[in-house]
Structure formats: C-alpha cells, structure tokens
Amino acid sequence: MAKITYIEHNGTEHAIDVKTGLSVMEGAVKNNIPGIDADCGGACACATCHVYVQEPWLEKTGDKSAMEESMLDFAENVEDNSRLSCQIKVTDDLDGLVVKMPESQH
Amino acid sequence: MSDAGVIIVGAGHGGGTAAALLRQYGYAGPIRLIGEEPAIPYQRPPLSKAWLKGETDAETLSLKPESFYPEAGIELITARRVAEIEPAARAVRLEDGARFSYDHLILATGAKARPLPVPGADLAGVLSLRTAADAEALKARLGPGKRLAVIGGGYIGLEVAASARALGSEAVVIEKEARILARVACPALSDFFTDYHRARGVAFEVAADVIALEGADGQVTGVRLGAERVIACDVVLIGVGAPPDQSLAAGAGLACQNGVVVDAEARTEDEAIFAIGDVTWRPMPLYHRMFRLESVANALEQARQAACAIAGRPQPTPEVTWNWSDQYDLKYQFAGVPFDADQVLVRGDPADAKFAVFHLKGDVILAVEAVNAAAEFMGGRQLIGQKRPVDPARLADITVSMKEVAA
C-alpha cells in the first residue's frame with residue numbers, strides 16, 4: 001500500500017491507500033476520483049489521465065517512455081512535472097505521493 | 001419529477017461509467033444499474049488483448065471494485081434481463097417479473113456478435129468474443145499446438161490472432177473481402193497489418209467464402225471454403241461484426257436506424273430516455289451526419305453527455321472520435337472518420353512500423369490512422385477537432401515535427 005493524495009483542479013483533496021502494483025491512474029479510477037477519466041484503461045492511448053507530480057516525487061516516479069512523451073506533447077496545460085498517471089506504477093517508494101489534476105480534466 | 005431516479009439498462013463500460021459519473025456530478029437520486037451478465041461492470045478492450053494473454057486479472061478488468069456500488073448508493077442488479085420498457089408509465093419490467101419506475105432511463109445495451117449463418121455454426125468450439133465469459137471459453141481452447149481459425153479480419157479477429165500466437169497457437173484469419181480491415185481502415189493499413197501478422201506466423205485467406213463449419217462428435221474440426229478446401233482447426237472465432245442490441249428501444253417505439261437514434265446529448269426522442277455507446281445512431285457534429293460508432297471512447301463520451309444532462313451540468317465539448325488496437329508490439333491509434341476525404345497521405349514509412357496515414361478533404365484533416373506514432377495521432381486528433389487547414393506537403397514530411405505542423 002502507498003498513500004497517494006490526488007488533488008482536483010478545484011483544490012479538493014483525496015488521500016487514498018493504493019495497492020502496490022496498480023498504476024496511479026487505477027488508484028484514482030477505482031476510487032471514483034473526479035478528474036482522471038482514463039478512457040483507454042491504461043493503454044497509453046488517450047492522455048485523459050494527465051497529472052502534475054508534486055515535488056519531491058517527480059524523480060521517484062521514473063522516466064517517461066517515448067510514447068508517453070509524444071502523448072503529453074499534445075495534451076492540454078502541460079508542465080515540466082506532467083505525467084500520464086497510467087504510466088506510473090505504485091511502489092512502496094511512492095508512499096506519500098501527491099499529484100494534481102490539470103484544468104482540462106475538471 | 002418523482003423520486004424514482006435513474007435506471008441504466010446494460011452494465012458494461014458505458015452503463016457502469018454513466019452510473020459512476022452521475023454520482024461524481026452530484027446526482028443524489030436512486031440509481032439502478034441492471035446487467036444481464038453475472039459480472040460487475042468491466043472493461044472489454046483487454047479481453048482480446050492483455051487479458052487473453054494472461055497479462056491482467058479480473059480485478060484489473062473491473063471498472064470499479066465491487067464495494068464501490070453499495071458505497072456510492074448504486075443498486076447493481078446483475079444476471080437479470082429487462083424484458084420491456086413501458087415508456088408511458090416510465091417503468092421497466094424484468095423477465096423475472098420485477099418492475100421498476102424511472103425518472104430517467106439510460107439504455108446501454110451495446111451490441112451482440114453477429115452469428116455466421118452457415119451449417120455447423122452451433123458446433124462446440126465455435127465462439128464469438130463480446131463478454132468475459134466468451135473470453136474464458138476462448139482462452140481455455142488456446143495454447144501450444146492448438147489451431148485457431150478466425151473468421152473475419154477486423155480488429156477483434158486480428159487482436160485474437162496476435163494473442164493466440166503469443167500463447168503458442170497456430171492462427172489463420174479468413175476474410176470475405178479482398179483485404180482485411182476493409183470496412184474500417186485504408187488499404188495501406190491492411191497491407192501493413194497483413195505483412196506484420198504473416199511475419200509472426202499468422203496465415204491469411206482473403207476473398208474467401210465460408211460455406212460450412214465441419215465437425216466430428218459435435219466438436220468443430222475445420223472451416224470449409226469450397227468443395228475441395230477445408231482448413232483444419234481446433235477452435236473457430238467468429239468476428240464478423242456486431243449489430244446494435246436495440247430490441248428494447250424498438251419495442252418501446254423509439255426511432256431506430258442502425259442503432260437507437262439519439263441527439264447530441266444522447267437523448268432519444270423520448271425526453272426521459274437516453275441511449276449511449278455501441279447501441280446508438282448518433283450525430284457526428286464535426287461531419288454533419290448521423291453514424292454508429294463502436295468504441296469505448298464513444299461509450300464514455302455519451303455516458304458523460306447523458307450524466308451531464310440528468311445532473312443538470314453543462315454538456316461536455318464534443319470529442320473527435322478515436323479508438324485504438326494493440327497487436328504484438330504495435331500500438332495502433334486512430335481518430336476521426338474519413339467521410340468525403342479526397343486525399344490520402346502517408347507520413348513515415350510502413351517498413352519502419354512507425355507511420356501514419358492522414359485522410360484530408362482539401363487541406364483539412366478528417367481522419368488519422370497511426371501505427372506506433374503517438375504524436376501523429378495526438379496532433380492529428382487536435383487538428384481534426386479544430387478543422388484547421390494544414391500544409392499537406394509539410395504534413396507528409398517527417399523532418400517537420402507534428403508540433404510544427406500543428407503550430
């Protein structure tokens with residue numbers, strides 16, 4: 001388990017215990033958290049699970065694949081700490097992770 | 001408005017999502033979600049891909065955990081069928097006699113696999129793939145040494161062929177048209193996928209008429225293509241399309257074409273009844289016509305439309321329709337529909353297994369089909385939605401990045 005805090009664009013916070021092995025996206029979807037639609041179910045095919053990883057967690061979430069980079073290039077409101085949450089696997093190291101949702105997904 | 005609430009008929013990807021969204025959007029009335037399958041709502045796309053290969057489990061497949069429904073105050077009714085809608089009384093009657101009233105009804109009944117009208121189609125080992133139970137039955141018959149015959153060279157057929165190869169089975173794809181994906185993709189894509197599958201051991205029979213399925217002791221043993229020609233197999237997957245399951249809507253007197261007719265907020269001609277997903281005949285605002293889409297993206301867009309309308313939220317922005325398919329290491333993503341296209345343009349080289357095909361009318365992109373080319377897919381989808389003219393020469397030039405093309 002890792003405690004992950006999802007912050008909606010309007011500031012509403014959801015602190016959830018997410019099972020390791022799931023993705024950060026799955027943790028949100030299974031708990032019906034607004035703002036992460038994940039239309040493709042985690043196939044890195046839609047960019048509707050875009051989040052901003054809050055420091056100091058960015059490095060711990062690992063590197064983006066070329067596919068994720070390309071998807072994010074055309075997502076809305078992209079920042080340096082943008083990730084697709086379906087591509088971040090939850091590990092014990094991510095206990096305490098905080099992610100925020102972009103305006104385009106509210 | 002009474003306090004009867006919302007009834008959703010069909011607990012698939014669209015119906016399950018509509019129920020969850022209603023709660024996200026603050027709808028406080030009763031919600032009943034009625035499905036004929038025993039399972040809680042789950043994602044269908046992995047059934048032919050990751051799930052079939054054993055790379056994902058039932059828990060991952062579920063849209064939400066089982067505990068979500070009672071916690072969210074959603075009454076999930078599984079393994080029961082709705083027999084009839086009574087639109088005048090605003091009620092539905094179940095086959096077991098139960099009757100529920102509604103303020104709003106959402107039909108999310110999806111599509112049913114089209115049967116193959118040939119002798120032998122009822123033999124054991126002749127399967128289709130729509131549900132988790134179908135996928136279980138298929139998986140149980142695949143494995144090393146097994147021979148799979150896929151009838152129908154569409155996405156499901158090709159995905160299953162690829163998964164079967166990964167499981168060590170032999171696979172042959174039998175297609176009635178002269179090329180696979182004839183209904184849904186351009187010839188360049190058909191050629192590419194044919195070559196890619198062939199190189200991975202899949203055989204193809206195109207322009208082939210299936211006359212009968214042959215069997216022994218009630219079990220399928222072959223596909224007969226002509227007087228002299230039988231393709232031996234242990235299991236047959238029929239993937240020849242899926243017509244809309246619109247009998248409830250038609251029985252209620254709602255207008256139906258190739259799907260239940262809905263408007264831009266997924267409402268049928270009865271203001272209390274919505275329909276979403278594969279079962280709908282829907283407006284395509286970018287293309288000024290009605291069409292039927294079979295995709296998760298479509299089901300979710302209409303789930304949002306119906307949930308917004310019922311919860312009194314502003315309608316979401318219309319989306320550019322899109323879909324994807326995973327085969328081997330290929331990620332195939334496509335967006336838009338090439339209605340009225342007068343130019344087809346290839347960006348990149350199919351030999352590299354990284355390229356995109358754009359369909360344009362004049363200098364406006366109508367559709368894009370992208371193989372391992374996420375930037376082309378995302379950039380193309382954006383340009384389709386904006387209807388912004390592009391320079392076709394720059395679009396075809398891979399030294400000009402998609403960001404620059406779209407700038």
# chains A, B, ... in the order shown; residues from 1 in each chain; ligands from 1

$ residues_around --residues "Leu158 in chain B" --least-positions-apart "2" --cutoff "9 Å" --atoms "only C-alpha atoms" --output "MDAnalysis selection string"
chainID B and resid 150 152:156 160:163 173 180 193 197 327

$ interface_residues --of "chain B" --to "chain A" --cutoff "9 Å" --atoms "only C-alpha atoms" --output "MDAnalysis selection string"
chainID B and resid 20:21 23:25 43 45:46 60:65 68 296:297 300 322:324 326 331:333 372:379 382 403

$ residues_around --residues "Asn10 in chain A" --least-positions-apart "4" --cutoff "12 Å" --atoms "only C-alpha atoms" --output "ChimeraX atom specification"
/A:6,14,34-35,100-106

$ select_by_dssp --residues "range 217-380 of chain B" --states "alpha helix (DSSP H)" --output "JSON, numbers by chain"
{"B": [247, 248, 249, 250, 251, 296, 297, 298, 299, 300, 301, 302, 303, 304, 305, 306, 307, 308, 309, 310, 311, 374, 375, 376, 377, 378, 379, 380]}

$ closest_residue --among "A:Cys49, A:Leu58, A:Val24, A:Ile88" --to "Thr5 in chain A" --atoms "only C-alpha atoms"
A:Val24

$ atom_distance --atom1 "CA of Tyr42 in chain B" --atom2 "CA of Ala91 in chain B"
26.1 Å

$ residues_around --residues "range 348-358 of chain B" --least-positions-apart "3" --cutoff "6 Å" --atoms "only C-alpha atoms" --output "list in words"
Val344, Leu345, Ala367, Val368, Glu369, Ala370, Val371, Asn372 and Ala373 of chain B

$ residues_around --residues "Glu95 in chain B" --least-positions-apart "4" --cutoff "8 Å" --atoms "only C-alpha atoms" --output "JSON, numbers by chain"
{"B": [80, 81, 82, 83]}

$ write_last_selection --atoms "N, CA and C atoms" --output "PDB file, in the first residue's frame"
ATOM      1  N   ARG B  80     -29.644 -10.409 -14.552  1.00  0.00           N
ATOM      2  CA  ARG B  80     -31.086 -10.329 -14.785  1.00  0.00           C
ATOM      3  C   ARG B  80     -31.323  -9.495 -16.045  1.00  0.00           C
ATOM      4  N   ARG B  81     -32.382  -9.844 -16.767  1.00  0.00           N
ATOM      5  CA  ARG B  81     -32.646  -9.199 -18.044  1.00  0.00           C
ATOM      6  C   ARG B  81     -33.908  -8.352 -17.988  1.00  0.00           C
ATOM      7  N   VAL B  82     -33.828  -7.223 -18.645  1.00  0.00           N
ATOM      8  CA  VAL B  82     -35.012  -6.382 -18.794  1.00  0.00           C
ATOM      9  C   VAL B  82     -35.813  -6.911 -19.978  1.00  0.00           C
ATOM     10  N   ALA B  83     -37.097  -7.125 -19.765  1.00  0.00           N
ATOM     11  CA  ALA B  83     -37.946  -7.689 -20.812  1.00  0.00           C
ATOM     12  C   ALA B  83     -38.586  -6.592 -21.651  1.00  0.00           C
TER      13      ALA B  83
END

$ residues_around --residues "Thr20 in chain A" --least-positions-apart "3" --cutoff "6 Å" --atoms "only C-alpha atoms" --output "list in words"
Met1, Val90 and Thr91 of chain A

$ write_last_selection --atoms "N, CA and C atoms" --output "mmCIF file, in the first residue's frame"
data_model
loop_
_atom_site.group_PDB
_atom_site.id
_atom_site.type_symbol
_atom_site.label_atom_id
_atom_site.label_comp_id
_atom_site.auth_asym_id
_atom_site.auth_seq_id
_atom_site.Cartn_x
_atom_site.Cartn_y
_atom_site.Cartn_z
ATOM 1 N N MET A 1 0.834 -1.216 0.000
ATOM 2 C CA MET A 1 0.000 0.000 0.000
ATOM 3 C C MET A 1 0.863 1.257 0.000
ATOM 4 N N VAL A 90 2.561 2.070 -8.880
ATOM 5 C CA VAL A 90 2.635 2.368 -7.454
ATOM 6 C C VAL A 90 3.581 1.369 -6.775
ATOM 7 N N THR A 91 4.595 1.906 -6.085
ATOM 8 C CA THR A 91 5.517 1.084 -5.300
ATOM 9 C C THR A 91 5.539 1.636 -3.884
#

$ residues_around --residues "range 278-292 of chain B" --least-positions-apart "4" --cutoff "7 Å" --atoms "only C-alpha atoms" --output "ChimeraX atom specification"
/B:108-111,244-246,257-264,299

$ select_by_dssp --residues "range 177-254 of chain B" --states "strand (DSSP E or B)" --output "MDAnalysis selection string"
chainID B and resid 202:205 212:216 219:226 229:232 235:238 244

$ write_last_selection --atoms "N, CA and C atoms" --output "compact mmCIF listing (two decimals), in the first residue's frame"
# COMPACT_ATOMS: atom_id res chain seq x y z
N VAL B 202 1.02 -15.80 -38.74
CA VAL B 202 -0.41 -15.89 -39.00
C VAL B 202 -0.64 -16.07 -40.50
N ALA B 203 -1.52 -17.00 -40.85
CA ALA B 203 -1.86 -17.21 -42.26
C ALA B 203 -3.14 -16.46 -42.60
N PHE B 204 -3.29 -16.08 -43.85
CA PHE B 204 -4.49 -15.34 -44.28
C PHE B 204 -5.15 -16.02 -45.46
N GLU B 205 -6.46 -15.99 -45.45
CA GLU B 205 -7.28 -16.40 -46.60
C GLU B 205 -8.21 -15.24 -46.87
N ALA B 212 -19.25 -23.74 -44.80
CA ALA B 212 -19.73 -24.51 -43.64
C ALA B 212 -18.60 -24.68 -42.64
N LEU B 213 -18.98 -24.99 -41.42
CA LEU B 213 -18.01 -25.41 -40.42
C LEU B 213 -18.17 -26.92 -40.26
N GLU B 214 -17.06 -27.61 -40.32
CA GLU B 214 -17.08 -29.07 -40.25
C GLU B 214 -16.81 -29.52 -38.82
N GLY B 215 -17.35 -30.68 -38.46
CA GLY B 215 -17.11 -31.15 -37.11
C GLY B 215 -17.07 -32.65 -37.00
N ALA B 216 -16.64 -33.12 -35.85
CA ALA B 216 -16.69 -34.54 -35.52
C ALA B 216 -17.08 -34.65 -34.06
N GLN B 219 -17.80 -31.48 -32.19
CA GLN B 219 -16.71 -30.53 -31.96
C GLN B 219 -16.19 -30.03 -33.31
N VAL B 220 -15.96 -28.74 -33.44
CA VAL B 220 -15.51 -28.19 -34.72
C VAL B 220 -14.12 -28.73 -35.06
N THR B 221 -13.94 -29.05 -36.34
CA THR B 221 -12.63 -29.57 -36.78
C THR B 221 -12.10 -28.82 -38.00
N GLY B 222 -12.94 -27.99 -38.62
CA GLY B 222 -12.44 -27.31 -39.81
C GLY B 222 -13.42 -26.29 -40.36
N VAL B 223 -12.89 -25.43 -41.22
CA VAL B 223 -13.68 -24.41 -41.90
C VAL B 223 -13.68 -24.75 -43.38
N ARG B 224 -14.85 -24.98 -43.94
CA ARG B 224 -14.93 -25.34 -45.35
C ARG B 224 -15.07 -24.08 -46.20
N LEU B 225 -14.11 -23.90 -47.14
CA LEU B 225 -14.12 -22.72 -48.00
C LEU B 225 -14.63 -23.03 -49.40
N GLY B 226 -14.70 -24.29 -49.76
CA GLY B 226 -15.17 -24.68 -51.09
C GLY B 226 -15.29 -26.17 -51.11
N ARG B 229 -11.88 -27.57 -50.31
CA ARG B 229 -10.95 -26.85 -49.44
C ARG B 229 -11.47 -26.82 -47.99
N VAL B 230 -10.77 -27.46 -47.07
CA VAL B 230 -11.12 -27.36 -45.65
C VAL B 230 -9.87 -26.95 -44.87
N ILE B 231 -10.02 -25.93 -44.04
CA ILE B 231 -8.91 -25.52 -43.19
C ILE B 231 -9.12 -26.16 -41.82
N ALA B 232 -8.20 -27.04 -41.45
CA ALA B 232 -8.34 -27.78 -40.18
C ALA B 232 -8.09 -26.83 -39.00
N VAL B 235 -10.42 -24.64 -32.94
CA VAL B 235 -11.33 -23.64 -32.40
C VAL B 235 -11.54 -22.57 -33.47
N VAL B 236 -12.77 -22.05 -33.54
CA VAL B 236 -13.12 -21.00 -34.50
C VAL B 236 -13.59 -19.78 -33.74
N LEU B 237 -13.02 -18.63 -34.07
CA LEU B 237 -13.55 -17.37 -33.53
C LEU B 237 -14.27 -16.65 -34.66
N ILE B 238 -15.54 -16.34 -34.42
CA ILE B 238 -16.30 -15.59 -35.42
C ILE B 238 -16.29 -14.11 -35.04
N PRO B 244 -26.25 -3.49 -33.38
CA PRO B 244 -26.73 -2.92 -32.11
C PRO B 244 -27.82 -3.77 -31.48

$ atom_distance --atom1 "CA of Asp340 in chain B" --atom2 "CA of Asp363 in chain B"
12.7 Å

$ decode --residues "chain A" --atoms "C-alpha atoms" --output "short mmCIF file (atom, residue, chain, number, x, y, z; two decimals), in the first residue's frame"
data_model
loop_
_atom_site.label_atom_id
_atom_site.label_comp_id
_atom_site.auth_asym_id
_atom_site.auth_seq_id
_atom_site.Cartn_x
_atom_site.Cartn_y
_atom_site.Cartn_z
CA MET A 1 0.00 0.00 0.00
CA ALA A 2 1.06 3.57 -0.66
CA LYS A 3 -0.84 6.64 0.47
CA ILE A 4 -1.47 8.84 -2.56
CA THR A 5 -3.06 12.26 -2.43
CA TYR A 6 -4.98 13.28 -5.53
CA ILE A 7 -5.82 16.98 -5.72
CA GLU A 8 -8.59 18.01 -8.09
CA HIS A 9 -8.19 21.20 -10.11
CA ASN A 10 -10.64 22.92 -7.75
CA GLY A 11 -8.41 22.04 -4.76
CA THR A 12 -10.44 19.11 -3.37
CA GLU A 13 -8.03 16.58 -1.90
CA HIS A 14 -8.49 12.80 -1.83
CA ALA A 15 -5.98 10.77 0.22
CA ILE A 16 -6.24 7.12 -0.80
CA ASP A 17 -4.37 3.92 0.08
CA VAL A 18 -3.45 2.39 -3.25
CA LYS A 19 -2.25 -1.19 -3.61
CA THR A 20 1.30 -1.51 -4.92
CA GLY A 21 1.36 -2.87 -8.44
CA LEU A 22 -1.59 -0.80 -9.58
CA SER A 23 -0.96 2.39 -11.54
CA VAL A 24 -1.56 5.84 -10.07
CA MET A 25 -4.39 6.12 -12.61
CA GLU A 26 -6.04 2.87 -11.43
CA GLY A 27 -5.89 4.09 -7.85
CA ALA A 28 -7.95 7.12 -8.86
CA VAL A 29 -10.41 5.37 -11.15
CA LYS A 30 -11.19 2.52 -8.78
CA ASN A 31 -11.99 5.11 -6.11
CA ASN A 32 -14.13 7.25 -8.44
CA ILE A 33 -11.94 10.34 -8.06
CA PRO A 34 -13.06 13.05 -10.50
CA GLY A 35 -10.54 14.41 -12.98
CA ILE A 36 -8.84 11.20 -14.09
CA ASP A 37 -11.02 9.69 -16.80
CA ALA A 38 -8.51 7.23 -18.28
CA ASP A 39 -10.71 6.45 -21.26
CA CYS A 40 -8.32 3.83 -22.66
CA GLY A 41 -7.97 1.97 -19.36
CA GLY A 42 -4.22 2.43 -19.14
CA ALA A 43 -3.06 1.59 -22.66
CA CYS A 44 -1.24 4.94 -23.01
CA ALA A 45 -3.60 5.71 -25.87
CA CYS A 46 -5.66 8.71 -24.78
CA ALA A 47 -3.91 11.20 -22.41
CA THR A 48 -7.03 11.62 -20.23
CA CYS A 49 -5.16 10.68 -17.03
CA HIS A 50 -2.73 13.61 -17.11
CA VAL A 51 -1.44 14.72 -13.66
CA TYR A 52 1.20 17.07 -12.23
CA VAL A 53 3.56 15.20 -9.91
CA GLN A 54 4.33 17.39 -6.89
CA GLU A 55 7.89 17.64 -5.56
CA PRO A 56 9.80 15.84 -4.20
CA TRP A 57 8.22 12.93 -6.04
CA LEU A 58 8.94 13.61 -9.69
CA GLU A 59 12.25 11.76 -9.78
CA LYS A 60 10.84 8.75 -7.91
CA THR A 61 8.11 8.24 -10.50
CA GLY A 62 10.75 7.27 -13.08
CA ASP A 63 11.32 8.25 -16.69
CA LYS A 64 8.72 8.83 -19.37
CA SER A 65 8.68 6.48 -22.35
CA ALA A 66 8.91 7.98 -25.85
CA MET A 67 5.21 7.12 -26.31
CA GLU A 68 4.23 8.98 -23.14
CA GLU A 69 6.36 11.98 -24.17
CA SER A 70 4.60 12.11 -27.53
CA MET A 71 1.15 11.83 -25.96
CA LEU A 72 1.96 14.61 -23.50
CA ASP A 73 3.33 16.85 -26.26
CA PHE A 74 -0.24 17.35 -27.43
CA ALA A 75 -2.11 17.21 -24.12
CA GLU A 76 -3.51 20.46 -22.71
CA ASN A 77 -1.88 22.53 -19.94
CA VAL A 78 1.35 20.53 -19.98
CA GLU A 79 4.09 21.48 -17.47
CA ASP A 80 7.56 20.12 -16.70
CA ASN A 81 6.07 17.86 -14.00
CA SER A 82 3.31 16.46 -16.24
CA ARG A 83 2.90 12.68 -16.38
CA LEU A 84 0.29 10.24 -17.60
CA SER A 85 -0.79 8.58 -14.37
CA CYS A 86 -1.43 5.25 -16.13
CA GLN A 87 2.32 5.01 -16.71
CA ILE A 88 3.31 5.42 -13.04
CA LYS A 89 3.34 2.10 -11.17
CA VAL A 90 2.64 2.37 -7.45
CA THR A 91 5.52 1.08 -5.30
CA ASP A 92 6.28 1.37 -1.59
CA ASP A 93 8.71 4.15 -2.55
CA LEU A 94 5.78 6.28 -3.65
CA ASP A 95 4.11 6.25 -0.20
CA GLY A 96 3.13 9.89 0.30
CA LEU A 97 2.94 10.80 -3.42
CA VAL A 98 0.92 13.91 -4.26
CA VAL A 99 -0.49 14.54 -7.75
CA LYS A 100 -2.64 17.41 -9.02
CA MET A 101 -5.06 17.36 -11.92
CA PRO A 102 -4.95 19.90 -14.77
CA GLU A 103 -7.71 22.35 -15.56
CA SER A 104 -8.58 20.47 -18.77
CA GLN A 105 -9.73 17.46 -16.73
CA HIS A 106 -12.13 19.06 -14.31
#
